[in-house]
Structure formats: structure tokens, C-alpha cells
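start_3.txt, holding compact mmCIF, C-alpha atoms:
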```
# COMPACT_ATOMS: atom_id res chain seq x y z
CA MET A 1 6.44 28.93 14.07
CA LYS A 2 9.30 31.31 14.69
CA PRO A 3 9.23 35.11 14.58
CA ALA A 4 10.48 37.06 11.59
CA ALA A 5 13.97 38.53 11.95
CA PHE A 6 14.27 41.67 14.06
CA ASP A 7 16.90 43.88 15.70
CA TYR A 8 17.23 43.64 19.47
CA VAL A 9 18.01 46.72 21.57
CA ARG A 10 18.35 46.65 25.35
CA ALA A 11 17.47 50.06 26.76
CA GLU A 12 19.26 51.20 29.90
CA SER A 13 16.77 53.97 30.74
CA ALA A 14 13.27 55.19 29.93
CA ALA A 15 14.79 58.08 27.98
CA GLU A 16 16.80 55.66 25.83
CA ALA A 17 13.72 53.54 25.16
CA ALA A 18 11.76 56.63 24.08
CA HIS A 19 14.63 57.72 21.86
CA GLU A 20 14.77 54.31 20.16
CA LEU A 21 11.02 54.37 19.56
CA GLN A 22 11.30 57.80 17.96
CA ARG A 23 14.34 56.81 15.87
CA ARG A 24 13.02 53.49 14.58
CA GLY A 25 9.46 54.58 13.80
CA THR A 26 6.27 52.56 13.68
CA ASN A 27 7.98 49.18 13.21
CA ALA A 28 9.56 49.11 16.68
CA ARG A 29 7.92 47.38 19.64
CA ILE A 30 8.59 47.49 23.38
CA LEU A 31 9.55 44.19 25.04
CA ALA A 32 9.07 43.98 28.81
CA GLY A 33 7.92 40.57 30.06
CA GLY A 34 7.06 39.27 26.59
CA GLN A 35 4.23 37.02 27.78
CA SER A 36 1.78 38.47 25.24
CA LEU A 37 4.19 39.81 22.65
CA MET A 38 6.23 36.65 22.06
CA ALA A 39 3.16 34.58 21.22
CA VAL A 40 2.09 37.22 18.70
CA LEU A 41 5.61 37.28 17.19
CA ASN A 42 5.82 33.49 16.96
CA MET A 43 2.56 33.39 15.02
CA ARG A 44 3.83 36.28 12.87
CA LEU A 45 0.74 38.32 13.64
CA ALA A 46 3.25 41.11 14.26
CA GLN A 47 6.56 41.49 12.46
CA PRO A 48 8.40 44.46 13.98
CA SER A 49 11.80 45.44 12.69
CA ALA A 50 13.12 45.99 16.22
CA LEU A 51 12.36 45.02 19.81
CA ILE A 52 13.37 47.48 22.53
CA ASP A 53 13.88 45.56 25.77
CA ILE A 54 13.06 47.57 28.92
CA SER A 55 13.05 44.63 31.35
CA ARG A 56 16.33 45.71 33.00
CA THR A 57 15.66 49.44 32.93
CA ALA A 58 16.27 50.58 36.52
CA ASP A 59 14.27 53.82 36.35
CA LEU A 60 11.16 51.90 35.24
CA HIS A 61 11.45 49.33 38.01
CA TYR A 62 9.45 50.84 40.88
CA ALA A 63 6.09 50.73 42.63
CA ARG A 64 5.43 53.57 45.05
CA PRO A 65 2.54 55.55 46.55
CA GLU A 66 2.56 59.06 45.12
CA GLY A 67 -0.14 61.73 45.05
CA GLY A 68 -2.87 59.40 46.26
CA MET A 69 -1.96 56.75 43.67
CA LEU A 70 0.10 53.58 43.57
CA GLU A 71 2.34 54.26 40.59
CA VAL A 72 3.81 51.18 38.93
CA GLY A 73 6.69 51.47 36.48
CA ALA A 74 6.80 49.63 33.18
CA ALA A 75 9.44 47.09 34.27
CA VAL A 76 7.56 45.80 37.33
CA THR A 77 6.23 42.26 36.96
CA GLN A 78 2.81 41.11 38.06
CA GLY A 79 4.46 38.71 40.51
CA GLN A 80 6.48 41.48 42.15
CA LEU A 81 3.33 43.50 42.68
CA GLU A 82 1.46 40.41 43.92
CA TRP A 83 4.11 39.91 46.62
CA ARG A 84 4.07 43.55 47.71
CA ASP A 85 3.24 43.44 51.43
CA ALA A 86 1.13 46.61 51.43
CA LEU A 87 -0.85 45.91 48.24
CA SER A 88 -3.95 44.52 49.99
CA SER A 89 -4.34 47.77 51.94
CA GLU A 90 -3.17 50.14 49.19
CA VAL A 91 -5.24 48.77 46.27
CA PRO A 92 -7.37 45.86 47.56
CA LEU A 93 -9.09 45.28 44.21
CA LEU A 94 -5.75 44.75 42.50
CA ALA A 95 -4.64 42.32 45.20
CA GLN A 96 -7.88 40.37 44.68
CA ALA A 97 -7.52 40.25 40.89
CA ILE A 98 -3.85 39.35 40.37
CA PRO A 99 -4.17 35.68 41.48
CA PHE A 100 -6.67 35.17 38.63
CA ILE A 101 -4.01 36.08 36.05
CA SER A 102 -2.90 32.90 34.28
CA HIS A 103 -0.34 31.01 36.45
CA PHE A 104 2.48 32.14 38.70
CA GLN A 105 5.10 31.32 36.07
CA ILE A 106 3.46 33.84 33.73
CA ARG A 107 3.08 36.44 36.49
CA ASN A 108 6.79 36.07 37.27
CA ARG A 109 7.63 37.43 33.81
CA GLY A 110 4.57 39.36 32.63
CA THR A 111 4.55 43.04 33.54
CA VAL A 112 1.72 45.15 34.90
CA CYS A 113 2.14 47.83 32.25
CA GLY A 114 2.56 45.23 29.51
CA SER A 115 -0.90 43.87 30.23
CA VAL A 116 -2.34 47.39 30.03
CA ALA A 117 -0.46 48.14 26.81
CA HIS A 118 -1.64 44.88 25.19
CA ALA A 119 -5.27 45.80 26.00
CA ASP A 120 -6.78 42.34 25.81
CA PRO A 121 -10.49 42.76 26.67
CA SER A 122 -10.32 39.65 28.89
CA ALA A 123 -7.27 40.77 30.89
CA GLU A 124 -7.63 41.43 34.61
CA ILE A 125 -5.29 44.39 35.13
CA PRO A 126 -6.90 46.69 32.52
CA LEU A 127 -10.28 45.90 34.08
CA VAL A 128 -9.06 46.86 37.56
CA LEU A 129 -7.45 50.04 36.23
CA LEU A 130 -10.74 51.05 34.62
CA ALA A 131 -12.87 50.16 37.66
CA LEU A 132 -10.71 52.34 39.89
CA ASP A 133 -10.54 55.28 37.45
CA GLY A 134 -6.79 54.79 37.15
CA GLU A 135 -4.35 56.52 34.84
CA VAL A 136 -1.78 55.67 32.18
CA VAL A 137 1.46 57.64 31.83
CA LEU A 138 2.86 57.87 28.29
CA ARG A 139 6.32 59.23 27.42
CA SER A 140 8.01 60.20 24.17
CA THR A 141 11.11 62.24 23.38
CA LYS A 142 8.89 65.33 23.11
CA ARG A 143 6.48 65.07 26.04
CA ARG A 144 4.95 63.10 28.87
CA ARG A 145 1.15 62.86 29.09
CA THR A 146 -1.34 61.19 31.40
CA LEU A 147 -4.60 59.63 30.22
CA PRO A 148 -7.54 58.27 32.22
CA ALA A 149 -7.95 54.54 31.71
CA ALA A 150 -11.35 55.17 30.15
CA ASP A 151 -9.68 57.17 27.34
CA PHE A 152 -6.71 54.85 26.91
CA PHE A 153 -8.57 51.66 25.93
CA GLN A 154 -10.09 52.13 22.49
CA GLY A 155 -10.93 48.65 21.21
CA MET A 156 -9.71 45.09 20.77
CA LEU A 157 -5.95 45.36 21.40
CA LEU A 158 -6.22 49.07 20.53
CA THR A 159 -5.10 51.97 22.73
CA ALA A 160 -4.47 55.70 22.54
CA ARG A 161 -0.69 55.21 22.65
CA GLU A 162 1.14 56.83 19.74
CA PRO A 163 3.83 54.80 17.93
CA ASP A 164 6.64 56.91 19.43
CA GLU A 165 5.31 56.66 22.99
CA LEU A 166 6.46 54.39 25.78
CA LEU A 167 3.86 53.33 28.34
CA GLU A 168 6.01 54.49 31.23
CA ALA A 169 3.74 53.74 34.22
CA VAL A 170 0.20 53.08 35.37
CA ARG A 171 -1.43 54.63 38.42
CA PHE A 172 -4.00 52.92 40.64
CA PRO A 173 -5.83 55.19 43.11
CA LEU A 174 -5.16 54.24 46.72
CA ALA A 175 -8.26 52.90 48.47
CA PRO A 176 -9.96 55.59 50.56
CA THR A 177 -11.41 54.82 53.98
CA GLY A 178 -14.70 52.96 53.61
CA GLN A 179 -14.15 51.78 50.04
CA ARG A 180 -15.18 48.18 49.39
CA SER A 181 -14.21 46.15 46.34
CA ALA A 182 -14.62 42.68 44.89
CA PHE A 183 -13.39 40.75 41.86
CA ASP A 184 -14.44 37.50 40.21
CA GLU A 185 -14.36 35.85 36.81
CA PHE A 186 -15.57 32.76 35.00
CA SER A 187 -13.17 30.70 32.89
CA MET A 188 -13.14 27.09 31.73
CA ARG A 189 -10.13 26.35 33.96
CA HIS A 190 -8.14 28.40 36.42
CA GLY A 191 -5.57 30.36 34.47
CA ASP A 192 -7.51 30.37 31.20
CA PHE A 193 -8.66 33.63 29.65
CA ALA A 194 -11.80 34.87 31.33
CA ILE A 195 -15.05 34.35 29.49
CA VAL A 196 -16.46 37.11 31.71
CA SER A 197 -14.66 39.03 34.45
CA VAL A 198 -16.24 41.52 36.84
CA ALA A 199 -14.87 44.12 39.25
CA ALA A 200 -17.07 46.05 41.68
CA VAL A 201 -16.19 49.12 43.75
CA ALA A 202 -18.40 50.97 46.24
CA ASP A 203 -17.33 54.17 47.97
CA ALA A 204 -18.44 57.71 48.62
CA ARG A 205 -18.69 58.36 44.88
CA GLY A 206 -21.21 55.54 44.35
CA LEU A 207 -21.09 52.09 42.81
CA ARG A 208 -18.89 51.15 39.84
CA LEU A 209 -19.10 47.85 37.99
CA ALA A 210 -16.51 46.97 35.33
CA ILE A 211 -17.00 44.08 32.90
CA GLY A 212 -14.32 42.32 30.87
CA GLY A 213 -14.36 39.57 28.27
CA VAL A 214 -17.65 40.59 26.62
CA ALA A 215 -17.15 43.77 24.59
CA ASP A 216 -14.11 44.81 22.54
CA ARG A 217 -12.64 46.50 25.63
CA PRO A 218 -13.38 46.57 29.37
CA ARG A 219 -16.54 48.57 30.07
CA LEU A 220 -17.58 50.52 33.16
CA ALA A 221 -21.04 51.26 34.59
CA ARG A 222 -21.60 53.90 37.28
CA TRP A 223 -24.64 53.51 39.51
CA PRO A 224 -25.99 54.92 42.80
CA ALA A 225 -24.61 53.15 45.85
CA ASP A 226 -28.12 52.26 47.04
CA LEU A 227 -29.06 50.29 43.90
CA ARG A 228 -30.88 47.19 45.15
CA GLY A 229 -33.50 44.54 44.34
CA ALA A 230 -35.46 44.85 41.12
CA ASP A 231 -33.67 48.08 40.19
CA LEU A 232 -30.32 46.30 40.37
CA GLU A 233 -31.61 43.37 38.31
CA ALA A 234 -32.92 45.76 35.66
CA ALA A 235 -29.65 47.70 35.56
CA LEU A 236 -27.62 44.50 35.19
CA ASN A 237 -29.90 43.21 32.45
CA ASP A 238 -29.61 46.51 30.55
CA LEU A 239 -25.83 46.42 30.93
CA ALA A 240 -25.65 42.81 29.73
CA TRP A 241 -27.44 43.77 26.50
CA GLU A 242 -25.53 47.04 26.03
CA LEU A 243 -22.23 45.14 25.89
CA GLU A 244 -23.36 43.48 22.63
CA ALA A 245 -21.88 40.06 23.38
CA GLN A 246 -21.09 37.80 20.44
CA ASP A 247 -21.12 34.02 20.05
CA ASP A 248 -17.68 32.46 19.70
CA ALA A 249 -15.93 29.11 20.16
CA HIS A 250 -15.78 29.55 23.95
CA ALA A 251 -19.29 30.72 24.88
CA SER A 252 -22.54 31.94 23.43
CA ALA A 253 -23.65 35.56 23.70
CA ALA A 254 -26.58 34.43 25.86
CA PHE A 255 -24.24 32.68 28.30
CA ARG A 256 -22.04 35.76 28.58
CA ARG A 257 -25.07 37.95 29.27
CA GLN A 258 -26.17 35.59 32.02
CA LEU A 259 -22.69 35.65 33.56
CA VAL A 260 -22.81 39.45 33.61
CA ARG A 261 -26.12 39.30 35.48
CA ARG A 262 -25.08 36.58 37.96
CA LEU A 263 -21.51 37.69 38.69
CA GLY A 264 -22.56 41.32 38.72
CA ALA A 265 -25.32 40.73 41.26
CA LYS A 266 -23.01 38.65 43.44
CA LEU A 267 -20.25 41.28 43.55
CA VAL A 268 -22.61 44.20 44.05
CA ARG A 269 -24.01 42.42 47.09
CA GLN A 270 -20.49 41.85 48.40
CA VAL A 271 -19.57 45.53 48.25
CA THR A 272 -22.87 47.06 49.34
CA GLU A 273 -24.48 44.76 51.90
CA PRO A 274 -23.62 45.27 55.59
CA VAL A 275 -20.69 43.20 56.82
CA GLN A 276 -21.89 40.42 59.12
```
Using C-alpha cells, write down the structure that the file contains.
Amino acid sequence: MKPAAFDYVRAESAAEAAHELQRRGTNARILAGGQSLMAVLNMRLAQPSALIDISRTADLHYARPEGGMLEVGAAVTQGQLEWRDALSSEVPLLAQAIPFISHFQIRNRGTVCGSVAHADPSAEIPLVLLALDGEVVLRSTKRRRTLPAADFFQGMLLTAREPDELLEAVRFPLAPTGQRSAFDEFSMRHGDFAIVSVAAVADARGLRLAIGGVADRPRLARWPADLRGADLEAALNDLAWELEAQDDAHASAAFRRQLVRRLGAKLVRQVTEPVQ
């Protein structure tokens, strides 16, 4: 299929993109990498009247440490971040997760912020942002506001972004000394959507375990750093049931629950057990 007719606008700045969103109303959509949006348009699941292209917007094309965060602008691709020399020391969990995202051709075009804005519950970047207690920066012609990742994701492909707001940047906290992290997922083939994805982080604040691909959005559990043995097994089992997994064409609910238990236990051990 082909998309329905739409107007195309190439924004030269973040301010221009915000202005176009405000002027054109709820039927306008932002186009960055287009790796999620174009498929939706081709199937006519969305029929916007206008696409506002920010892919060449210079003031949204940056990734820089600022205020204890790695701030990534809306025009930065996943591939550009993957090739960032300092990423493995700045945000190790993100460096571990990016290679799981589809294939390098997709990462060359897909943007970091686009993945967050799309809010697919199986996507890797939203899961990492949640696990690290990251932030989302939203901009309109009237204001700029910052939301915690936990408040931004609201359901299956649903977020707290207002129709006139541009997702301007996302912020990943820089890894503090002593923080350990791990990421893994199960999919039918490398590059497929994850059936279950898991991110674990252990630091001075305790243990955090984020789960994707099961509920209608990525979910986060916070536990004591010394959770071990039978207590860990019980906590993982409770979490697996709390996520309310559903049967679908790809996996049964029971299989997803078991993946939560197995992958969760594996990653918790990786981030909490003494390094040999």
C-alpha cells in the first residue's frame, strides 16, 4: 500500500518545527528517521495531513554530556550514537542495548528520540531510558518541559506528548562510579522485535530491573541491591505475573513469564555478583 496524500515541510530549526506543529494542529506528524512512521503510513494506520521533517535540523543534531546526563537531540540517529567513542563509559547500558536494535541499516536512519516517541513496548531505547530514570524534553511554541521517562510512557504507542509538542531531546544519566548494568532480550531471530527484553542496573540506589515486550509499556521494578536466592526468585515470579502477559501469535503468556524469570535472574546475577 501507499500512504494517503500529505503536505511535506522541511524544518530548518526546532523552533520552526514547533511552530508548524502549532499551526497545523493534531493532523501533523514529525518525521525524523521514518523507520517506524513510514510503515504506519504505508498501511494507512495513520493519515496525517502534513509531515514535518526534522532530519536536517542542525540545532537538534547533537549528543553531549550536560548536567550529569547525556543529552541526545531529536535528529541524532541510533547509528551515530552507537559509534560514539565515549558511549560505553558514559552510558554503558545504552551501548549494550543498541546492537540489539533491528539491523545496522535501520539504525543508520532510525533516530534515538523517534524510538522514544513511538513508544513501542518492545523497543530497546525506551526500556533503557526507563531503567536509568532518564528524561524526555518536550518543546512547543509556548513552553519547554521535562518529564521523567516513567511519566512519559503511558501505554501501547501512547505517551504524554501533547499534539503541539516536539520531542526535542532525551537525557540518559551518566553512569556513576560503581554502577553495573546489563541488557539482554529474546527474539525469534536477531533483529526481530523482542518477545521479552530486560535491562538491569545496580548502583548505590539499589537494583532496578526493566522489562519490555510483555506489558503495554516498559515496566520498572526497584529492589534492594542485596536481593538474592529464594527472595530474588519470588520477586521475579511476582513481577512476571504483575505484568499481565497475554498470548499472541509470537509467544504464549506462560512463555513470556518464564523469560522474565530466566532473563531477569541472569542479568541480576551479572550486575550484583562479585566480578571474577
| query | Which value, in Å to one decimal, gives the distance between atom CA of A:Val201 and atom CA of A:Leu132? | reply | 7.4 Å
| Contacts of stretch 12-27 of chain A at 12 Å (only C-alpha atoms; same-chain gap of 2+ positions) as JSON, numbers by chain | {"A": [6, 7, 8, 9, 10, 29, 30, 31, 32, 46, 47, 48, 49, 50, 51, 52, 53, 54, 55, 56, 57, 58, 59, 60, 61, 73, 74, 75, 138, 139, 140, 141, 142, 143, 144, 161, 162, 163, 164, 165, 166, 167, 168, 169]}
| field | Option closest in space to A:Gln154, from A:Ala97, A:Ala119, A:Ala28, A:Leu267 [counting only C-alpha atoms] | value | A:Ala119
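In this structure, atom CA of A:Asp133 sits 22.9 Å away from atom CA of A:Glu244.
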| said: Show me, as a PyMOL selection string, the residues that have an atom within 9 Å of A:Leu81 when counting all atoms listed in the file, minus same-chain residues fewer than 6 positions from it. | reply: chain A and resi 63+72+87+95+98+112
| field | Residue with smallest distance to A:Pro126 - pool A:Val91, A:Leu243, A:Ala210, A:Met188, counting all atoms listed in the file | value | A:Ala210
| task | Just the residues within 12 Å of A:Gln270, please, counting only C-alpha atoms, with nothing from its chain fewer than 5 positions along; format it as a VMD selection string. | result | chain A and resid 179 to 184 199 to 202 207 263 to 265 275 to 276
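Closest approach to A:Asp216 among A:Phe153, A:Tyr62, A:Trp83, A:Trp241: A:Phe153, based on only C-alpha atoms.
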| request: Give me, please, the distance in Å between atom CA of A:Leu239 and atom CA of A:Phe255, quoted to one decimal. | output: 14.1 Å
Please report, as JSON, the centre and edge lengths in Å to one decimal of an axis-aligned box covering all listed atoms of stretch 20-32 of chain A with 8 Å per side.
```
{"center_x": 10.5, "center_y": 50.9, "center_z": 21.0, "size_x": 24.5, "size_y": 29.8, "size_z": 31.6}
```
| request: Fewer than 3 positions away in the same chain doesn't count, so skip those; otherwise give me all residues within 8 Å of A:Phe193, counting all atoms listed in the file, as a ChimeraX atom specification. | output: /A:102,122-123,187
| For A:Ser252, which of A:Ala117, A:Val214, A:Leu147, A:Met69 is the closest residue, counting all atoms listed in the file? | A:Val214
